[in-house]
Structure formats: C-alpha cells, structure tokens
Amino acid sequence: MATQSHTDALRAGAAAPARRSPPALKWAALAALLVVALVAPFQFYPVFLAKALCFALFACAFNLLIGYVGLLSFGHAAFFGSAAYVTAHAVKVWGLTPELGILLGVLVAALFGLAFGFLAIRRQGIYFAMVTLALSQMVFFLALQLPFTGGEDGIQAVPRGYLFGLIDLGDNLAMYYFVLAVFLAGFLLIHRTIHSPFGQVLKAIRENEPRAVSLGYKVDHYKLAAFVMSAALAGLAGGTKAIVFQLASLTDITWQMSGEVVLMTLLGGLGTIFGPVVGAFLVVTLQNYLAGTQLPVTVVTGVIFVVCVLLFRRGIVGEIGALLKSRG
C-alpha cells in the first residue's frame with residue numbers, strides 16, 4: 001500500500017504543473033522591479049524619479065521605527081533636514097565631494113538621532129511622539145537662526161560635483177542612477193535588519209514590551225539602536241535630496257515634513273517592506289502632477305488619506321498582501 005501510494009503521489013506530481021517556491025517568486029518579482037527601475041528614466045523625467053526615491057528611502061527609514069518597533073516619531077524631519085543642510089554646506093562651502101558631503105550629513109543625523117533617542121525612548125505613546133516633535137522644533141529654530149543655513153533662503157546653488165571624482169552628477173541620468181544605488185543600499189539594509197535576530201527582537205518589543213523585558217532583553221538599548229539607525233537612513237535620504245535639487249531649505253525640516261512621511265507610510269502600508277515605497281511614489285506623483293492644475297494638492301492628498309484610512313486601514317500594500325494570503 002505504501003509503495004502504491006508513493007507511486008500515485010509521484011504520478012500526481014508529474015501531472016501537476018511545476019510550481020515555483022515563494023522565495024523564487026519573490027526574487028523574480030524583485031528582479032522585475034529592478035529592471036523597471038533601470039529603464040524608468042527613459043520614460044519619465046529622471047529628477048522626478050530621483051525625488052521619489054529619496055522620499056521612498058525617507059519613508060522606509062520612518063517605517064523601520066514605527067512599523068517594526070512601534071514608536072511613532074513626529075520629529076523625523078529633523079534628521080532629514082539637518083542632513084540636507086550639512087551636506088549642502090559641506091559640498092558648496094567646504095568643497096567636499098558629494099559622497100563625502102552625504103556621509104557627513106548622515107553622521108550628523110545619526111548624532112541627532114542618538115540625542116533624540118536617549119531623551120525620548122523612555123516615554124511611551126503620545127508622550128514619545130510629543131517629545132520628538134518638541135526636539136524637532138528646536139532643530140527647526142536652529143536651522144532658522146544659524147548663520148550657515150541661510151535663514152529663510154536656505155542654501156541654494158549647491159554643486160552636484162563629481163562622484164568619486166569621476167562621474168559627473170550634473171547629468172540627470174547619472175544623478176538618477178546614483179540615487180537608485182543609494183536607495184537600494186538603504187532598502188536592502190532595512191530588509192536585512194528586520195529579518196535578522198536583531199529585527200526579531202524589535203518585533204517582540206513592538207508586540208509585547210513587558211514580555212521582552214522579562215526575557216532579559218535590554219529593551220532600551222534595542223530601541224535606541226533602532227532609533228539611531230532610522231535617523232541615519234533619514235539623513236541619507238535628506239543629504240541625497242539636497243544634492244539632487246541643489247538646495248537645502250526650511251521646507252526639509254518643518255513639522256509638516258514629519259507629517260508628510262507619516263502620510264506616505266500609512267498610505268502604502270505600515271509595517272510592510274514595500275508599503276512606504278508605494279506611498280512615497282503615490283504622494284510625490286500627486287504633488288508633481290497636481291501642481292500644474294487648479295486643484296489644491298493638500299486637499300486632494302488629504303481626501304485620499306481619509307479614504308484609505310476608512311477603507312484600507314492596512315494601506316495599499318497591506319491590503320493587497322492580506323487579499324493574496326486569504327486566497328492561499
């Protein structure tokens with residue numbers, strides 16, 4: 001009987017169409033997305049795509065904190081904007097190359113993240129959010145008052161320079177591929193982090209912090225490390241954006257920018273790896289194409305946000321993932 005059953009199973013397997021394993025499908029989808037990203041600048045304006053990638057990285061950095069640790073920060077614009085200012089100043093005034101300017105911006109954002117995190121992570125819920133918002137406003141007033149920031153005019157006409165002294169980033173196509181490489185590096189780092197043992201501890205803290213404490217994990221250390229990493233990646237996005245647009249301004253560091261990244265993350269799907277990317281592209285596309293019309297951009301994005309919150313509470317990617325899972 002056992003032999004007969006085994007034979008029947010082999011026949012059934014031979015008759016059934018070949019099935020690809022979920023990891024194979026996942027890697028095939030990623031390869032297809034990479035191909036789309038490589039050819040996209042030949043169909044769309046490269047600077048627009050570069051802007052969308054910068055904000056996608058910013059949203060992914062924010063999602064690392066709220067989606068996998070459960071910490072809602074209303075002050076992430078401080079890291080994005082401070083890195084933009086430092087990068088712009090280092091490249092324009094000190095004459096650093098763009099990669100060194102961005103690295104300096106990332107370092108400053110990480111230091112701000114260390115200070116913010118040290119002061120805020122012992123608070124929970126709305127108190128944590130308010131502490132980050134208050135600290136972010138302090139950074140905003142510093143950006144408004146410090147001499148090197150240019151006040152309300154910001155730092156303009158930042159030279160894009162030559163990447164590693166070889167590649168002219170003044171060419172929009174070269175600029176786009178540089179931003180794509182930066183985005184992929186940040187995205188893969190986040191992906192690797194959330195699938196590592198460190199990431200599993202972060203998820204455990206999000207789900208049940210008292211239990212994580214009872215298991216012996218130093219929760220504050222994990223939360224601080226995640227906060228600094230999120231701030232550094234937000235700084236990477238801000239510094240890169242300053243090179244793309246050759247500008248660092250107060251818009252990058254206002255509380256509205258912190259709210260915008262919350263909007264992108266919620267629209268795409270909180271706690272999903274691709275959700276912030278989809279949300280960022282959706283918001284940036286709306287802002288870009290509605291700017292040439294008579295429609296009020298903020299009202300339209302606000303209506304879309306309300307509809308998504310009411311009907312798609314898990315965000316676009318979250319709802320699609322749930323639908324695919326329900327169908328097996």
# chains A, B, ... in the order shown; residues from 1 in each chain; ligands from 1
>>> select_by_dssp(residues="range 50-285 of chain A", states="strand (DSSP E)", output="PyMOL selection string")
chain A and resi 162-163+167-168
>>> residues_around(residues="range 149-156 of chain A", least_positions_apart="5", cutoff="8 Å", atoms="only C-alpha atoms", output="PyMOL selection string")
chain A and resi 85+88-89+143-144+246-250
>>> closest_residue(among="A:Phe274, A:Tyr222, A:Phe140, A:Tyr162", to="Leu57 in chain A", atoms="only C-alpha atoms")
A:Phe274
>>> residues_around(residues="Lys203 in chain A", least_positions_apart="5", cutoff="12 Å", atoms="only C-alpha atoms", output="list in words")
Leu64, Leu65, Ile66, Gly67, Tyr68, Val69, Gly70, Leu71, Thr193, Ile194, His195, Ser196, Pro197, Phe198, Asn208, Glu209, Arg211, Ala212, Val219, Tyr222, Lys223, Ala226 and Gly271 of chain A
>>> residues_around(residues="range 259-266 of chain A", least_positions_apart="6", cutoff="7 Å", atoms="only C-alpha atoms", output="list in words")
Ala59, Asn63, Phe74, Gly275, Pro276, Gly279, Ala280, Val283 and Gly315 of chain A
>>> closest_residue(among="A:Arg123, A:His221, A:Lys92, A:His76", to="Ala109 in chain A", atoms="only C-alpha atoms")
A:His76
>>> residues_around(residues="Asn172 in chain A", least_positions_apart="6", cutoff="9 Å", atoms="only C-alpha atoms", output="PyMOL selection string")
chain A and resi 45-47+244
>>> write_last_selection(atoms="N, CA and C atoms", output="tab-separated table (two decimals), in the first residue's frame")
chain	number	residue	atom	x	y	z
A	45	TYR	N	10.83	61.72	-16.30
A	45	TYR	CA	11.88	62.70	-16.01
A	45	TYR	C	12.77	62.17	-14.88
A	46	PRO	N	14.07	62.02	-15.10
A	46	PRO	CA	14.95	61.40	-14.08
A	46	PRO	C	14.94	62.13	-12.74
A	47	VAL	N	14.85	63.46	-12.73
A	47	VAL	CA	14.86	64.20	-11.46
A	47	VAL	C	13.61	63.90	-10.64
A	244	VAL	N	20.45	66.30	-5.24
A	244	VAL	CA	19.59	66.20	-6.43
A	244	VAL	C	19.04	67.58	-6.80
>>> select_by_dssp(residues="range 41-258 of chain A", states="helix (DSSP H, G or I)", output="VMD selection string")
chain A and resid 41 to 42 46 to 68 77 to 92 98 to 120 125 to 145 147 to 149 151 to 153 172 to 194 197 to 207 209 to 214 219 to 245 250 to 253 255 to 258
>>> atom_distance(atom1="CA of Ala50 in chain A", atom2="CA of Tyr176 in chain A")
5.3 Å
>>> atom_distance(atom1="CA of Lys325 in chain A", atom2="CA of Leu184 in chain A")
26.6 Å
>>> residues_around(residues="Leu133 in chain A", least_positions_apart="4", cutoff="8 Å", atoms="only C-alpha atoms", output="ChimeraX atom specification")
/A:73-75,129,137,255
>>> atom_distance(atom1="CA of Leu169 in chain A", atom2="CA of Ile102 in chain A")
13.7 Å
>>> residues_around(residues="Leu104 in chain A", least_positions_apart="5", cutoff="8 Å", atoms="only C-alpha atoms", output="VMD selection string")
chain A and resid 83 86 to 87 90
>>> write_last_selection(atoms="N, CA, C and O atoms", output="CSV table (one decimal), in the first residue's frame")
chain,number,residue,atom,x,y,z
A,83,ALA,N,20.5,66.8,7.8
A,83,ALA,CA,21.5,66.2,6.9
A,83,ALA,C,21.5,66.9,5.6
A,83,ALA,O,22.6,67.1,5.0
A,86,VAL,N,23.7,70.1,6.2
A,86,VAL,CA,25.1,69.8,6.4
A,86,VAL,C,25.7,69.4,5.1
A,86,VAL,O,26.8,69.8,4.7
A,87,THR,N,25.0,68.6,4.3
A,87,THR,CA,25.5,68.1,3.0
A,87,THR,C,25.7,69.3,2.1
A,87,THR,O,26.7,69.4,1.4
A,90,ALA,N,28.6,71.5,3.3
A,90,ALA,CA,29.9,70.8,3.1
A,90,ALA,C,30.3,70.8,1.6
A,90,ALA,O,31.5,71.0,1.3
